Amino acid sequence: MKIELKENGGLPAHILWTLAIVAGISVANLHYNQPLLNLMRDDLGVSEFQTNLIAMITQVGYALELLFIIPLGDLYQRKVIILTNFSLLIFSLLAIGLAPNIYIVWAASLVTGVCSIIPQIFVPIAS
């Protein structure tokens, strides 16, 4: 389905709502784990320090993507970057939910942080 956009007419409301919802969902993944850290600690049987690293590793992943992936928006189609990010995000969130140990949670948290950059890619598309 193709929509003809008018010059200086802005985005149609349904596209703007879709962008807002997708951006909110993807960036919220950076913070979903913080209220659940005590439950994760109990389930995984690890120390408080190890579970606190989950939130930090997620934020480090976010910083890494800001530094390394965002510049790729000038080299590759943004649609490909967004679809790849969402695919990886789905798998990383499933891995966190099904993880039998803290190491898998750490790795998947890093990938989750890396894949939560979608709003920064939407801004040039919307403009």
# chains A, B, ... in the order shown; residues from 1 in each chain; ligands from 1
$ residues_around --residues "Leu19 (chain A)" --least-positions-apart "5" --cutoff "9 Å" --atoms "only C-alpha atoms" --output "PyMOL selection string"
chain A and resi 14+24+119+122+126
$ write_last_selection --atoms "all heavy atoms" --output "PDB file, in the first residue's frame"
ATOM      1  N   HIS A  14      -2.533   8.209  10.935  1.00  0.00           N
ATOM      2  CA  HIS A  14      -2.304   6.787  11.215  1.00  0.00           C
ATOM      3  C   HIS A  14      -0.824   6.427  11.129  1.00  0.00           C
ATOM      4  O   HIS A  14      -0.333   5.592  11.890  1.00  0.00           O
ATOM      5  CB  HIS A  14      -3.161   5.900  10.305  1.00  0.00           C
ATOM      6  CG  HIS A  14      -2.767   5.930   8.866  1.00  0.00           C
ATOM      7  ND1 HIS A  14      -3.137   6.948   8.014  1.00  0.00           N
ATOM      8  CD2 HIS A  14      -2.033   5.062   8.136  1.00  0.00           C
ATOM      9  CE1 HIS A  14      -2.642   6.708   6.809  1.00  0.00           C
ATOM     10  NE2 HIS A  14      -1.967   5.572   6.860  1.00  0.00           N
ATOM     11  N   GLY A  24       7.710   4.006  21.152  1.00  0.00           N
ATOM     12  CA  GLY A  24       7.490   3.820  22.589  1.00  0.00           C
ATOM     13  C   GLY A  24       7.765   2.411  23.049  1.00  0.00           C
ATOM     14  O   GLY A  24       8.391   2.194  24.093  1.00  0.00           O
ATOM     15  N   PRO A 119      13.643   4.742  17.614  1.00  0.00           N
ATOM     16  CA  PRO A 119      13.153   6.126  17.521  1.00  0.00           C
ATOM     17  C   PRO A 119      14.150   7.085  16.875  1.00  0.00           C
ATOM     18  O   PRO A 119      13.749   8.012  16.174  1.00  0.00           O
ATOM     19  CB  PRO A 119      12.900   6.515  18.978  1.00  0.00           C
ATOM     20  CG  PRO A 119      12.643   5.228  19.663  1.00  0.00           C
ATOM     21  CD  PRO A 119      13.508   4.223  18.978  1.00  0.00           C
ATOM     22  N   PHE A 122      13.620   6.751  13.259  1.00  0.00           N
ATOM     23  CA  PHE A 122      12.335   7.272  12.792  1.00  0.00           C
ATOM     24  C   PHE A 122      12.346   8.774  12.558  1.00  0.00           C
ATOM     25  O   PHE A 122      11.627   9.270  11.700  1.00  0.00           O
ATOM     26  CB  PHE A 122      11.229   6.963  13.800  1.00  0.00           C
ATOM     27  CG  PHE A 122      10.681   5.587  13.691  1.00  0.00           C
ATOM     28  CD1 PHE A 122       9.882   5.085  14.699  1.00  0.00           C
ATOM     29  CD2 PHE A 122      10.918   4.778  12.605  1.00  0.00           C
ATOM     30  CE1 PHE A 122       9.363   3.816  14.626  1.00  0.00           C
ATOM     31  CE2 PHE A 122      10.407   3.517  12.520  1.00  0.00           C
ATOM     32  CZ  PHE A 122       9.621   3.024  13.538  1.00  0.00           C
ATOM     33  N   ALA A 126      10.445  10.529   9.472  1.00  0.00           N
ATOM     34  CA  ALA A 126       9.274  11.375   9.660  1.00  0.00           C
ATOM     35  C   ALA A 126       9.471  12.776   9.103  1.00  0.00           C
ATOM     36  O   ALA A 126       8.532  13.395   8.627  1.00  0.00           O
ATOM     37  CB  ALA A 126       8.916  11.457  11.144  1.00  0.00           C
TER      38      ALA A 126
END
$ residues_around --residues "Gly97 (chain A)" --least-positions-apart "5" --cutoff "10 Å" --atoms "only C-alpha atoms" --output "PDB file with all heavy atoms, in the first residue's frame"
ATOM      1  N   MET A  40      14.147 -11.444  39.091  1.00  0.00           N
ATOM      2  CA  MET A  40      15.156 -12.144  38.278  1.00  0.00           C
ATOM      3  C   MET A  40      16.243 -12.740  39.164  1.00  0.00           C
ATOM      4  O   MET A  40      16.700 -13.851  38.927  1.00  0.00           O
ATOM      5  CB  MET A  40      15.769 -11.185  37.252  1.00  0.00           C
ATOM      6  CG  MET A  40      14.817 -10.687  36.208  1.00  0.00           C
ATOM      7  SD  MET A  40      15.567  -9.348  35.295  1.00  0.00           S
ATOM      8  CE  MET A  40      15.412  -9.957  33.644  1.00  0.00           C
ATOM      9  N   PHE A  91      13.970 -11.737  19.241  1.00  0.00           N
ATOM     10  CA  PHE A  91      14.742 -12.894  19.702  1.00  0.00           C
ATOM     11  C   PHE A  91      15.444 -12.614  21.033  1.00  0.00           C
ATOM     12  O   PHE A  91      15.524 -13.493  21.891  1.00  0.00           O
ATOM     13  CB  PHE A  91      15.754 -13.331  18.641  1.00  0.00           C
ATOM     14  CG  PHE A  91      15.107 -13.987  17.455  1.00  0.00           C
ATOM     15  CD1 PHE A  91      15.240 -13.425  16.196  1.00  0.00           C
ATOM     16  CD2 PHE A  91      14.357 -15.142  17.591  1.00  0.00           C
ATOM     17  CE1 PHE A  91      14.638 -14.016  15.096  1.00  0.00           C
ATOM     18  CE2 PHE A  91      13.751 -15.746  16.501  1.00  0.00           C
ATOM     19  CZ  PHE A  91      13.895 -15.175  15.251  1.00  0.00           C
ATOM     20  N   SER A  92      15.944 -11.402  21.209  1.00  0.00           N
ATOM     21  CA  SER A  92      16.628 -11.106  22.473  1.00  0.00           C
ATOM     22  C   SER A  92      15.645 -11.076  23.645  1.00  0.00           C
ATOM     23  O   SER A  92      15.973 -11.547  24.739  1.00  0.00           O
ATOM     24  CB  SER A  92      17.401  -9.791  22.381  1.00  0.00           C
ATOM     25  OG  SER A  92      16.531  -8.690  22.304  1.00  0.00           O
ATOM     26  N   VAL A 105      21.088 -13.939  29.997  1.00  0.00           N
ATOM     27  CA  VAL A 105      20.354 -12.689  30.243  1.00  0.00           C
ATOM     28  C   VAL A 105      21.246 -11.492  29.930  1.00  0.00           C
ATOM     29  O   VAL A 105      20.799 -10.531  29.306  1.00  0.00           O
ATOM     30  CB  VAL A 105      19.835 -12.626  31.697  1.00  0.00           C
ATOM     31  CG1 VAL A 105      19.216 -11.276  31.994  1.00  0.00           C
ATOM     32  CG2 VAL A 105      18.835 -13.729  31.962  1.00  0.00           C
ATOM     33  N   ALA A 108      21.641 -11.260  26.055  1.00  0.00           N
ATOM     34  CA  ALA A 108      20.391 -10.824  25.441  1.00  0.00           C
ATOM     35  C   ALA A 108      20.059  -9.383  25.832  1.00  0.00           C
ATOM     36  O   ALA A 108      19.471  -8.638  25.033  1.00  0.00           O
ATOM     37  CB  ALA A 108      19.258 -11.763  25.835  1.00  0.00           C
TER      38      ALA A 108
END
$ residues_around --residues "Thr58 (chain A)" --least-positions-apart "5" --cutoff "7 Å" --atoms "only C-alpha atoms" --output "list in words"
Leu30, Ser109, Leu110, Thr112 and Gly113 of chain A
$ select_by_dssp --residues "chain A" --states "helix (DSSP H, G or I)" --output "short mmCIF file (atom, residue, chain, number, x, y, z; two decimals) with N, CA and C atoms, in the first residue's frame"
data_model
loop_
_atom_site.label_atom_id
_atom_site.label_comp_id
_atom_site.auth_asym_id
_atom_site.auth_seq_id
_atom_site.Cartn_x
_atom_site.Cartn_y
_atom_site.Cartn_z
N ALA A 13 -2.27 10.93 10.09
CA ALA A 13 -2.39 10.60 11.51
C ALA A 13 -2.09 9.14 11.79
N HIS A 14 -2.53 8.21 10.94
CA HIS A 14 -2.30 6.79 11.22
C HIS A 14 -0.82 6.43 11.13
N ILE A 15 -0.07 7.06 10.26
CA ILE A 15 1.37 6.80 10.17
C ILE A 15 2.06 7.39 11.39
N LEU A 16 1.66 8.57 11.78
CA LEU A 16 2.26 9.21 12.95
C LEU A 16 2.00 8.40 14.22
N TRP A 17 0.79 7.87 14.37
CA TRP A 17 0.47 7.02 15.53
C TRP A 17 1.28 5.73 15.51
N THR A 18 1.42 5.15 14.33
CA THR A 18 2.21 3.92 14.21
C THR A 18 3.66 4.17 14.62
N LEU A 19 4.24 5.25 14.12
CA LEU A 19 5.61 5.58 14.48
C LEU A 19 5.75 5.82 15.99
N ALA A 20 4.79 6.51 16.58
CA ALA A 20 4.83 6.79 18.01
C ALA A 20 4.73 5.51 18.85
N ILE A 21 3.84 4.61 18.47
CA ILE A 21 3.66 3.36 19.22
C ILE A 21 4.90 2.48 19.12
N VAL A 22 5.43 2.34 17.90
CA VAL A 22 6.62 1.51 17.70
C VAL A 22 7.81 2.10 18.46
N ALA A 23 7.95 3.41 18.41
CA ALA A 23 9.05 4.06 19.13
C ALA A 23 8.91 3.85 20.63
N GLY A 24 7.71 4.01 21.15
CA GLY A 24 7.49 3.82 22.59
C GLY A 24 7.77 2.41 23.05
N ILE A 25 7.33 1.45 22.27
CA ILE A 25 7.55 0.05 22.64
C ILE A 25 9.03 -0.30 22.60
N SER A 26 9.72 0.15 21.56
CA SER A 26 11.12 -0.23 21.43
C SER A 26 12.00 0.43 22.48
N VAL A 27 11.75 1.70 22.80
CA VAL A 27 12.61 2.37 23.78
C VAL A 27 12.24 1.95 25.20
N ALA A 28 11.03 1.52 25.43
CA ALA A 28 10.63 1.08 26.77
C ALA A 28 11.38 -0.18 27.18
N GLN A 34 14.13 -2.99 35.00
CA GLN A 34 14.52 -2.42 36.28
C GLN A 34 13.59 -2.79 37.44
N PRO A 35 12.27 -2.73 37.30
CA PRO A 35 11.44 -3.15 38.44
C PRO A 35 11.42 -4.67 38.65
N LEU A 36 11.95 -5.42 37.71
CA LEU A 36 11.91 -6.88 37.80
C LEU A 36 13.23 -7.49 38.28
N LEU A 37 14.19 -6.66 38.60
CA LEU A 37 15.53 -7.19 38.95
C LEU A 37 15.50 -8.11 40.16
N ASN A 38 14.72 -7.78 41.19
CA ASN A 38 14.66 -8.66 42.37
C ASN A 38 14.04 -10.01 42.04
N LEU A 39 13.02 -10.02 41.19
CA LEU A 39 12.42 -11.29 40.78
C LEU A 39 13.40 -12.11 39.95
N MET A 40 14.15 -11.44 39.09
CA MET A 40 15.16 -12.14 38.28
C MET A 40 16.24 -12.74 39.16
N ARG A 41 16.65 -11.98 40.18
CA ARG A 41 17.68 -12.46 41.11
C ARG A 41 17.22 -13.74 41.80
N ASP A 42 15.97 -13.73 42.27
CA ASP A 42 15.43 -14.92 42.95
C ASP A 42 15.32 -16.11 42.00
N ASP A 43 14.84 -15.86 40.79
CA ASP A 43 14.65 -16.95 39.82
C ASP A 43 15.97 -17.54 39.35
N LEU A 44 16.96 -16.68 39.15
CA LEU A 44 18.25 -17.16 38.64
C LEU A 44 19.21 -17.58 39.74
N GLU A 48 22.81 -9.79 44.03
CA GLU A 48 22.18 -8.52 43.66
C GLU A 48 23.05 -7.75 42.66
N PHE A 49 24.36 -7.81 42.85
CA PHE A 49 25.28 -7.15 41.93
C PHE A 49 25.13 -7.68 40.51
N GLN A 50 25.04 -9.01 40.38
CA GLN A 50 24.91 -9.62 39.05
C GLN A 50 23.60 -9.21 38.38
N THR A 51 22.53 -9.12 39.14
CA THR A 51 21.27 -8.71 38.52
C THR A 51 21.27 -7.22 38.21
N ASN A 52 21.95 -6.39 39.00
CA ASN A 52 22.03 -4.97 38.69
C ASN A 52 22.81 -4.72 37.41
N LEU A 53 23.70 -5.63 37.08
CA LEU A 53 24.44 -5.51 35.82
C LEU A 53 23.53 -5.62 34.60
N ILE A 54 22.38 -6.26 34.75
CA ILE A 54 21.45 -6.41 33.62
C ILE A 54 21.03 -5.04 33.10
N ALA A 55 20.63 -4.16 34.01
CA ALA A 55 20.20 -2.82 33.59
C ALA A 55 21.36 -2.04 32.99
N MET A 56 22.54 -2.17 33.58
CA MET A 56 23.70 -1.46 33.06
C MET A 56 24.09 -1.95 31.67
N ILE A 57 24.08 -3.26 31.47
CA ILE A 57 24.46 -3.83 30.18
C ILE A 57 23.47 -3.40 29.10
N THR A 58 22.19 -3.31 29.45
CA THR A 58 21.20 -2.84 28.49
C THR A 58 21.50 -1.41 28.06
N GLN A 59 21.85 -0.55 29.01
CA GLN A 59 22.18 0.84 28.69
C GLN A 59 23.48 0.93 27.87
N VAL A 60 24.44 0.06 28.15
CA VAL A 60 25.67 0.03 27.37
C VAL A 60 25.37 -0.36 25.92
N GLY A 61 24.48 -1.32 25.73
CA GLY A 61 24.06 -1.69 24.38
C GLY A 61 23.43 -0.53 23.64
N TYR A 62 22.63 0.24 24.34
CA TYR A 62 22.00 1.43 23.75
C TYR A 62 23.07 2.42 23.31
N ALA A 63 24.05 2.66 24.16
CA ALA A 63 25.13 3.60 23.82
C ALA A 63 25.95 3.09 22.63
N LEU A 64 26.19 1.79 22.58
CA LEU A 64 26.94 1.23 21.45
C LEU A 64 26.21 1.42 20.13
N GLU A 65 24.91 1.26 20.15
CA GLU A 65 24.19 1.45 18.89
C GLU A 65 24.16 2.92 18.50
N LEU A 66 24.03 3.81 19.48
CA LEU A 66 24.10 5.24 19.15
C LEU A 66 25.42 5.57 18.46
N LEU A 67 26.47 4.94 18.93
CA LEU A 67 27.80 5.23 18.41
C LEU A 67 28.08 4.56 17.06
N PHE A 68 27.63 3.30 16.91
CA PHE A 68 28.04 2.54 15.73
C PHE A 68 26.95 2.28 14.69
N ILE A 70 23.70 3.99 14.31
CA ILE A 70 23.00 5.16 13.78
C ILE A 70 23.69 5.73 12.54
N PRO A 71 25.02 5.84 12.52
CA PRO A 71 25.66 6.34 11.29
C PRO A 71 25.40 5.47 10.06
N LEU A 72 25.02 4.21 10.26
CA LEU A 72 24.73 3.35 9.11
C LEU A 72 23.46 3.78 8.38
N GLY A 73 22.63 4.63 9.03
CA GLY A 73 21.42 5.13 8.38
C GLY A 73 21.72 5.94 7.14
N ASP A 74 22.94 6.44 7.03
CA ASP A 74 23.34 7.16 5.82
C ASP A 74 23.83 6.22 4.73
N ARG A 78 16.99 2.73 5.70
CA ARG A 78 16.53 2.73 7.09
C ARG A 78 15.51 1.63 7.35
N LYS A 79 14.73 1.29 6.33
CA LYS A 79 13.73 0.23 6.50
C LYS A 79 14.42 -1.10 6.83
N VAL A 80 15.52 -1.39 6.18
CA VAL A 80 16.27 -2.62 6.44
C VAL A 80 16.82 -2.60 7.87
N ILE A 81 17.35 -1.46 8.29
CA ILE A 81 17.89 -1.35 9.64
C ILE A 81 16.79 -1.56 10.68
N ILE A 82 15.62 -0.95 10.45
CA ILE A 82 14.51 -1.08 11.39
C ILE A 82 14.01 -2.51 11.46
N LEU A 83 13.83 -3.17 10.32
CA LEU A 83 13.35 -4.56 10.32
C LEU A 83 14.37 -5.50 10.98
N THR A 84 15.64 -5.27 10.72
CA THR A 84 16.68 -6.09 11.36
C THR A 84 16.68 -5.88 12.87
N ASN A 85 16.57 -4.61 13.28
CA ASN A 85 16.51 -4.32 14.71
C ASN A 85 15.33 -5.00 15.38
N PHE A 86 14.14 -4.90 14.77
CA PHE A 86 12.97 -5.51 15.37
C PHE A 86 13.09 -7.03 15.44
N SER A 87 13.65 -7.63 14.41
CA SER A 87 13.83 -9.09 14.43
C SER A 87 14.77 -9.51 15.56
N LEU A 88 15.89 -8.82 15.67
CA LEU A 88 16.83 -9.12 16.75
C LEU A 88 16.22 -8.84 18.12
N LEU A 89 15.43 -7.78 18.20
CA LEU A 89 14.79 -7.42 19.47
C LEU A 89 13.83 -8.52 19.93
N ILE A 90 13.06 -9.06 19.01
CA ILE A 90 12.14 -10.15 19.36
C ILE A 90 12.90 -11.34 19.92
N PHE A 91 13.97 -11.74 19.24
CA PHE A 91 14.74 -12.89 19.70
C PHE A 91 15.44 -12.61 21.03
N SER A 92 15.94 -11.40 21.21
CA SER A 92 16.63 -11.11 22.47
C SER A 92 15.65 -11.08 23.64
N LEU A 93 14.45 -10.56 23.44
CA LEU A 93 13.46 -10.54 24.52
C LEU A 93 12.98 -11.96 24.85
N LEU A 94 12.84 -12.79 23.83
CA LEU A 94 12.51 -14.20 24.09
C LEU A 94 13.63 -14.89 24.86
N ALA A 95 14.87 -14.59 24.49
CA ALA A 95 16.01 -15.20 25.18
C ALA A 95 16.04 -14.78 26.65
N ILE A 96 15.74 -13.52 26.93
CA ILE A 96 15.71 -13.07 28.32
C ILE A 96 14.61 -13.81 29.08
N GLY A 97 13.46 -13.94 28.46
CA GLY A 97 12.34 -14.61 29.14
C GLY A 97 12.57 -16.09 29.38
N LEU A 98 13.34 -16.73 28.53
CA LEU A 98 13.56 -18.17 28.64
C LEU A 98 14.94 -18.54 29.18
N ILE A 102 22.28 -16.40 34.16
CA ILE A 102 22.50 -14.96 34.09
C ILE A 102 23.31 -14.56 32.86
N TYR A 103 24.17 -15.43 32.37
CA TYR A 103 25.03 -15.08 31.24
C TYR A 103 24.20 -14.88 29.97
N ILE A 104 23.21 -15.69 29.79
CA ILE A 104 22.32 -15.53 28.63
C ILE A 104 21.51 -14.24 28.78
N VAL A 105 21.09 -13.94 30.00
CA VAL A 105 20.35 -12.69 30.24
C VAL A 105 21.25 -11.49 29.93
N TRP A 106 22.51 -11.54 30.33
CA TRP A 106 23.43 -10.44 30.04
C TRP A 106 23.61 -10.26 28.54
N ALA A 107 23.84 -11.35 27.81
CA ALA A 107 24.05 -11.25 26.36
C ALA A 107 22.79 -10.73 25.67
N ALA A 108 21.64 -11.26 26.05
CA ALA A 108 20.39 -10.82 25.44
C ALA A 108 20.06 -9.38 25.83
N SER A 109 20.45 -8.95 27.02
CA SER A 109 20.23 -7.57 27.44
C SER A 109 21.07 -6.61 26.61
N LEU A 110 22.28 -7.02 26.28
CA LEU A 110 23.12 -6.20 25.41
C LEU A 110 22.47 -6.04 24.04
N VAL A 111 21.98 -7.13 23.49
CA VAL A 111 21.30 -7.08 22.19
C VAL A 111 20.03 -6.25 22.28
N THR A 112 19.30 -6.36 23.39
CA THR A 112 18.09 -5.57 23.57
C THR A 112 18.42 -4.08 23.58
N GLY A 113 19.48 -3.71 24.27
CA GLY A 113 19.90 -2.31 24.28
C GLY A 113 20.31 -1.83 22.90
N VAL A 114 21.02 -2.68 22.18
CA VAL A 114 21.45 -2.32 20.83
C VAL A 114 20.26 -2.13 19.90
N ILE A 118 15.44 2.43 17.64
CA ILE A 118 14.54 2.68 16.52
C ILE A 118 13.98 4.11 16.49
N PRO A 119 13.64 4.74 17.61
CA PRO A 119 13.15 6.13 17.52
C PRO A 119 14.15 7.09 16.88
N GLN A 120 15.44 6.88 17.07
CA GLN A 120 16.42 7.76 16.46
C GLN A 120 16.50 7.55 14.95
N ILE A 121 16.03 6.43 14.48
CA ILE A 121 15.99 6.18 13.04
C ILE A 121 14.69 6.73 12.45
N PHE A 122 13.62 6.75 13.26
CA PHE A 122 12.33 7.27 12.79
C PHE A 122 12.35 8.77 12.56
N VAL A 123 13.13 9.51 13.30
CA VAL A 123 13.11 10.97 13.19
C VAL A 123 13.44 11.42 11.76
N PRO A 124 14.52 10.92 11.13
CA PRO A 124 14.77 11.34 9.75
C PRO A 124 13.69 10.86 8.77
N ILE A 125 13.09 9.71 9.06
CA ILE A 125 12.03 9.22 8.17
C ILE A 125 10.81 10.14 8.26
N ALA A 126 10.44 10.53 9.47
CA ALA A 126 9.27 11.38 9.66
C ALA A 126 9.47 12.78 9.10
#
$ closest_residue --among "A:Pro12, A:Ile69, A:Asn29, A:Val46" --to "Pro100 (chain A)" --atoms "only C-alpha atoms"
A:Val46
$ decode --residues "region 10-35 of chain A" --atoms "N, CA and C atoms" --output "PDB file, in the first residue's frame"
ATOM      1  N   GLY A  10       2.853  17.264   6.135  1.00  0.00           N
ATOM      2  CA  GLY A  10       2.961  16.439   7.326  1.00  0.00           C
ATOM      3  C   GLY A  10       2.597  14.995   7.045  1.00  0.00           C
ATOM      4  N   LEU A  11       2.695  14.192   8.076  1.00  0.00           N
ATOM      5  CA  LEU A  11       2.357  12.773   7.955  1.00  0.00           C
ATOM      6  C   LEU A  11       0.890  12.561   8.274  1.00  0.00           C
ATOM      7  N   PRO A  12       0.256  11.592   7.608  1.00  0.00           N
ATOM      8  CA  PRO A  12      -1.117  11.245   7.995  1.00  0.00           C
ATOM      9  C   PRO A  12      -1.142  10.741   9.437  1.00  0.00           C
ATOM     10  N   ALA A  13      -2.269  10.933  10.088  1.00  0.00           N
ATOM     11  CA  ALA A  13      -2.391  10.603  11.509  1.00  0.00           C
ATOM     12  C   ALA A  13      -2.088   9.137  11.790  1.00  0.00           C
ATOM     13  N   HIS A  14      -2.533   8.209  10.935  1.00  0.00           N
ATOM     14  CA  HIS A  14      -2.304   6.787  11.215  1.00  0.00           C
ATOM     15  C   HIS A  14      -0.824   6.427  11.129  1.00  0.00           C
ATOM     16  N   ILE A  15      -0.074   7.064  10.256  1.00  0.00           N
ATOM     17  CA  ILE A  15       1.366   6.800  10.173  1.00  0.00           C
ATOM     18  C   ILE A  15       2.064   7.392  11.391  1.00  0.00           C
ATOM     19  N   LEU A  16       1.662   8.574  11.783  1.00  0.00           N
ATOM     20  CA  LEU A  16       2.257   9.208  12.951  1.00  0.00           C
ATOM     21  C   LEU A  16       1.997   8.399  14.220  1.00  0.00           C
ATOM     22  N   TRP A  17       0.791   7.868  14.373  1.00  0.00           N
ATOM     23  CA  TRP A  17       0.472   7.023  15.533  1.00  0.00           C
ATOM     24  C   TRP A  17       1.276   5.731  15.506  1.00  0.00           C
ATOM     25  N   THR A  18       1.420   5.146  14.327  1.00  0.00           N
ATOM     26  CA  THR A  18       2.206   3.918  14.213  1.00  0.00           C
ATOM     27  C   THR A  18       3.658   4.166  14.616  1.00  0.00           C
ATOM     28  N   LEU A  19       4.242   5.249  14.122  1.00  0.00           N
ATOM     29  CA  LEU A  19       5.613   5.583  14.484  1.00  0.00           C
ATOM     30  C   LEU A  19       5.745   5.817  15.989  1.00  0.00           C
ATOM     31  N   ALA A  20       4.785   6.505  16.578  1.00  0.00           N
ATOM     32  CA  ALA A  20       4.833   6.787  18.011  1.00  0.00           C
ATOM     33  C   ALA A  20       4.733   5.514  18.846  1.00  0.00           C
ATOM     34  N   ILE A  21       3.838   4.613  18.472  1.00  0.00           N
ATOM     35  CA  ILE A  21       3.662   3.362  19.222  1.00  0.00           C
ATOM     36  C   ILE A  21       4.904   2.482  19.115  1.00  0.00           C
ATOM     37  N   VAL A  22       5.429   2.338  17.898  1.00  0.00           N
ATOM     38  CA  VAL A  22       6.617   1.510  17.703  1.00  0.00           C
ATOM     39  C   VAL A  22       7.808   2.099  18.457  1.00  0.00           C
ATOM     40  N   ALA A  23       7.952   3.411  18.411  1.00  0.00           N
ATOM     41  CA  ALA A  23       9.053   4.057  19.129  1.00  0.00           C
ATOM     42  C   ALA A  23       8.914   3.852  20.634  1.00  0.00           C
ATOM     43  N   GLY A  24       7.710   4.006  21.152  1.00  0.00           N
ATOM     44  CA  GLY A  24       7.490   3.820  22.589  1.00  0.00           C
ATOM     45  C   GLY A  24       7.765   2.411  23.049  1.00  0.00           C
ATOM     46  N   ILE A  25       7.325   1.447  22.269  1.00  0.00           N
ATOM     47  CA  ILE A  25       7.548   0.049  22.638  1.00  0.00           C
ATOM     48  C   ILE A  25       9.032  -0.300  22.597  1.00  0.00           C
ATOM     49  N   SER A  26       9.716   0.148  21.559  1.00  0.00           N
ATOM     50  CA  SER A  26      11.123  -0.234  21.430  1.00  0.00           C
ATOM     51  C   SER A  26      12.002   0.433  22.482  1.00  0.00           C
ATOM     52  N   VAL A  27      11.754   1.696  22.797  1.00  0.00           N
ATOM     53  CA  VAL A  27      12.609   2.365  23.776  1.00  0.00           C
ATOM     54  C   VAL A  27      12.244   1.954  25.204  1.00  0.00           C
ATOM     55  N   ALA A  28      11.025   1.524  25.426  1.00  0.00           N
ATOM     56  CA  ALA A  28      10.627   1.080  26.768  1.00  0.00           C
ATOM     57  C   ALA A  28      11.382  -0.185  27.183  1.00  0.00           C
ATOM     58  N   ASN A  29      11.881  -0.938  26.226  1.00  0.00           N
ATOM     59  CA  ASN A  29      12.645  -2.142  26.551  1.00  0.00           C
ATOM     60  C   ASN A  29      13.898  -1.831  27.352  1.00  0.00           C
ATOM     61  N   LEU A  30      14.380  -0.595  27.278  1.00  0.00           N
ATOM     62  CA  LEU A  30      15.546  -0.203  28.070  1.00  0.00           C
ATOM     63  C   LEU A  30      15.237  -0.176  29.557  1.00  0.00           C
ATOM     64  N   HIS A  31      13.974   0.009  29.904  1.00  0.00           N
ATOM     65  CA  HIS A  31      13.617   0.231  31.303  1.00  0.00           C
ATOM     66  C   HIS A  31      12.696  -0.837  31.889  1.00  0.00           C
ATOM     67  N   TYR A  32      12.171  -1.731  31.079  1.00  0.00           N
ATOM     68  CA  TYR A  32      11.262  -2.772  31.584  1.00  0.00           C
ATOM     69  C   TYR A  32      11.914  -3.646  32.647  1.00  0.00           C
ATOM     70  N   ASN A  33      13.196  -3.898  32.530  1.00  0.00           N
ATOM     71  CA  ASN A  33      13.849  -4.853  33.430  1.00  0.00           C
ATOM     72  C   ASN A  33      14.090  -4.297  34.828  1.00  0.00           C
ATOM     73  N   GLN A  34      14.127  -2.992  34.996  1.00  0.00           N
ATOM     74  CA  GLN A  34      14.521  -2.425  36.280  1.00  0.00           C
ATOM     75  C   GLN A  34      13.592  -2.793  37.442  1.00  0.00           C
ATOM     76  N   PRO A  35      12.272  -2.734  37.303  1.00  0.00           N
ATOM     77  CA  PRO A  35      11.443  -3.148  38.440  1.00  0.00           C
ATOM     78  C   PRO A  35      11.417  -4.666  38.653  1.00  0.00           C
TER      79      PRO A  35
END
